[in-house]
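S.K.: Take this structure first; my questions come after.
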Amino acid sequence: TIIYQRYHKLLYVVAYKYLKNDCSAKDSVQQIFYRLWESRSVLIINMNLRNYLYTMLKNHLLNEIRNNYMAMEKNYELAQWSMKMICWII
């Protein structure tokens, strides 16, 4: 609880800066704290906790952005294919 109270606002600001979406930013921060909690028994942090959380968030955000880009690219390809099929049918 103390770690969450200390760092969640900072992490949210960073997440929102990159995702430009309130819900996505909140979900990303929640994911980071969830992962931190899940790995608490084996966690060894050799750096400042703030930097560790920031690095976790950065990696998570990069994955989210990549996944969203890939989904958008697939949707674009599907739309292009659909338009070709419509033109072919007509």
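Letters A, B, ... mark the chains of the structure tokens in the order given; residue numbers begin at 1 per chain; ligand numbers begin at 1, in order shown.
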Can you tell me, as an MDAnalysis selection string, what residues are no more than 12 Å from A:Gln30 when counting only C-alpha atoms, ignoring any on the same chain fewer than 6 positions away?
M.R.: chainID A and resid 4 7:9 11:12 15 23:24 36:37 53 56:57 60
S.K.: Just checking: using only C-alpha atoms, which residue out of A:Leu61, A:Asn68, A:Asn46, A:Ser39 ends up closest to A:Ala25?
M.R.: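 Nearest to A:Ala25: A:Leu61.
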S.K.: If you run DSSP on this backbone, which residues of stretch 15-60 of chain A come out as alpha helix (DSSP H), and could you give them as a PyMOL selection string?
M.R.: chain A and resi 15-19+22-38+49-60
S.K.: Go ahead and dump the residues you just picked, N, CA, C and O atoms, as a compact mmCIF listing (two decimals), in the first residue's frame.
M.R.:
```
# COMPACT_ATOMS: atom_id res chain seq x y z
N ALA A 15 2.44 7.07 -17.96
CA ALA A 15 1.61 6.22 -18.82
C ALA A 15 0.66 7.06 -19.66
O ALA A 15 0.49 6.82 -20.86
N TYR A 16 0.05 8.06 -19.05
CA TYR A 16 -0.89 8.91 -19.79
C TYR A 16 -0.17 9.71 -20.88
O TYR A 16 -0.71 9.90 -21.97
N LYS A 17 1.04 10.13 -20.59
CA LYS A 17 1.83 10.89 -21.57
C LYS A 17 2.00 10.09 -22.87
O LYS A 17 1.93 10.66 -23.95
N TYR A 18 2.20 8.80 -22.74
CA TYR A 18 2.44 7.97 -23.92
C TYR A 18 1.17 7.39 -24.52
O TYR A 18 1.06 7.26 -25.74
N LEU A 19 0.21 7.03 -23.70
CA LEU A 19 -0.99 6.37 -24.21
C LEU A 19 -2.11 7.33 -24.57
O LEU A 19 -3.00 6.99 -25.34
N ASP A 22 -6.98 7.83 -20.47
CA ASP A 22 -7.08 7.69 -19.03
C ASP A 22 -7.20 6.23 -18.59
O ASP A 22 -6.45 5.77 -17.73
N CYS A 23 -8.12 5.51 -19.19
CA CYS A 23 -8.33 4.11 -18.80
C CYS A 23 -7.11 3.25 -19.09
O CYS A 23 -6.73 2.41 -18.27
N SER A 24 -6.51 3.43 -20.25
CA SER A 24 -5.33 2.65 -20.60
C SER A 24 -4.16 2.96 -19.66
O SER A 24 -3.42 2.06 -19.26
N ALA A 25 -4.02 4.22 -19.29
CA ALA A 25 -2.95 4.60 -18.37
C ALA A 25 -3.18 3.98 -16.99
O ALA A 25 -2.24 3.44 -16.39
N LYS A 26 -4.40 4.04 -16.51
CA LYS A 26 -4.71 3.43 -15.22
C LYS A 26 -4.50 1.92 -15.25
O LYS A 26 -3.97 1.34 -14.31
N ASP A 27 -4.92 1.28 -16.34
CA ASP A 27 -4.72 -0.16 -16.48
C ASP A 27 -3.24 -0.52 -16.49
O ASP A 27 -2.84 -1.52 -15.89
N SER A 28 -2.44 0.28 -17.16
CA SER A 28 -1.01 0.02 -17.23
C SER A 28 -0.37 0.11 -15.85
O SER A 28 0.44 -0.75 -15.47
N VAL A 29 -0.72 1.13 -15.10
CA VAL A 29 -0.18 1.30 -13.75
C VAL A 29 -0.62 0.12 -12.88
O VAL A 29 0.18 -0.45 -12.13
N GLN A 30 -1.89 -0.25 -13.02
CA GLN A 30 -2.39 -1.38 -12.24
C GLN A 30 -1.63 -2.67 -12.58
O GLN A 30 -1.29 -3.45 -11.70
N GLN A 31 -1.35 -2.87 -13.86
CA GLN A 31 -0.58 -4.04 -14.28
C GLN A 31 0.81 -4.07 -13.63
O GLN A 31 1.29 -5.13 -13.23
N ILE A 32 1.44 -2.92 -13.56
CA ILE A 32 2.79 -2.85 -12.98
C ILE A 32 2.74 -3.25 -11.51
O ILE A 32 3.56 -4.06 -11.05
N PHE A 33 1.78 -2.73 -10.77
CA PHE A 33 1.70 -3.07 -9.35
C PHE A 33 1.26 -4.53 -9.16
O PHE A 33 1.69 -5.18 -8.22
N TYR A 34 0.45 -5.01 -10.06
CA TYR A 34 0.05 -6.42 -10.00
C TYR A 34 1.27 -7.33 -10.21
O TYR A 34 1.47 -8.27 -9.46
N ARG A 35 2.07 -7.02 -11.20
CA ARG A 35 3.30 -7.81 -11.45
C ARG A 35 4.27 -7.71 -10.28
O ARG A 35 4.91 -8.70 -9.92
N LEU A 36 4.39 -6.52 -9.72
CA LEU A 36 5.26 -6.34 -8.56
C LEU A 36 4.79 -7.22 -7.41
O LEU A 36 5.58 -7.90 -6.76
N TRP A 37 3.48 -7.23 -7.18
CA TRP A 37 2.91 -8.03 -6.10
C TRP A 37 3.09 -9.52 -6.35
O TRP A 37 3.45 -10.27 -5.45
N GLU A 38 2.87 -9.94 -7.58
CA GLU A 38 3.02 -11.36 -7.92
C GLU A 38 4.45 -11.86 -7.71
O GLU A 38 4.65 -13.01 -7.33
N LEU A 49 13.88 1.87 -6.16
CA LEU A 49 12.55 1.32 -6.45
C LEU A 49 11.81 2.16 -7.48
O LEU A 49 11.14 1.63 -8.37
N ARG A 50 11.94 3.45 -7.40
CA ARG A 50 11.30 4.34 -8.37
C ARG A 50 11.79 4.04 -9.78
O ARG A 50 11.00 3.93 -10.71
N ASN A 51 13.08 3.87 -9.94
CA ASN A 51 13.65 3.55 -11.25
C ASN A 51 13.20 2.18 -11.72
O ASN A 51 12.95 1.97 -12.91
N TYR A 52 13.11 1.24 -10.80
CA TYR A 52 12.67 -0.11 -11.14
C TYR A 52 11.23 -0.09 -11.66
O TYR A 52 10.93 -0.70 -12.69
N LEU A 53 10.35 0.62 -10.95
CA LEU A 53 8.95 0.71 -11.38
C LEU A 53 8.84 1.45 -12.71
O LEU A 53 8.05 1.06 -13.58
N TYR A 54 9.63 2.49 -12.88
CA TYR A 54 9.63 3.24 -14.13
C TYR A 54 10.06 2.33 -15.29
O TYR A 54 9.46 2.35 -16.36
N THR A 55 11.09 1.52 -15.08
CA THR A 55 11.56 0.60 -16.12
C THR A 55 10.50 -0.44 -16.43
O THR A 55 10.26 -0.76 -17.60
N MET A 56 9.84 -0.97 -15.41
CA MET A 56 8.74 -1.91 -15.64
C MET A 56 7.65 -1.26 -16.47
O MET A 56 7.14 -1.87 -17.42
N LEU A 57 7.29 -0.04 -16.13
CA LEU A 57 6.24 0.67 -16.85
C LEU A 57 6.66 0.95 -18.28
O LEU A 57 5.89 0.75 -19.22
N LYS A 58 7.89 1.39 -18.46
CA LYS A 58 8.39 1.69 -19.80
C LYS A 58 8.29 0.47 -20.70
O LYS A 58 7.79 0.55 -21.82
N ASN A 59 8.74 -0.66 -20.21
CA ASN A 59 8.67 -1.89 -21.00
C ASN A 59 7.23 -2.29 -21.29
O ASN A 59 6.90 -2.71 -22.39
N HIS A 60 6.37 -2.14 -20.29
CA HIS A 60 4.95 -2.44 -20.49
C HIS A 60 4.34 -1.53 -21.55
O HIS A 60 3.60 -2.00 -22.43
```
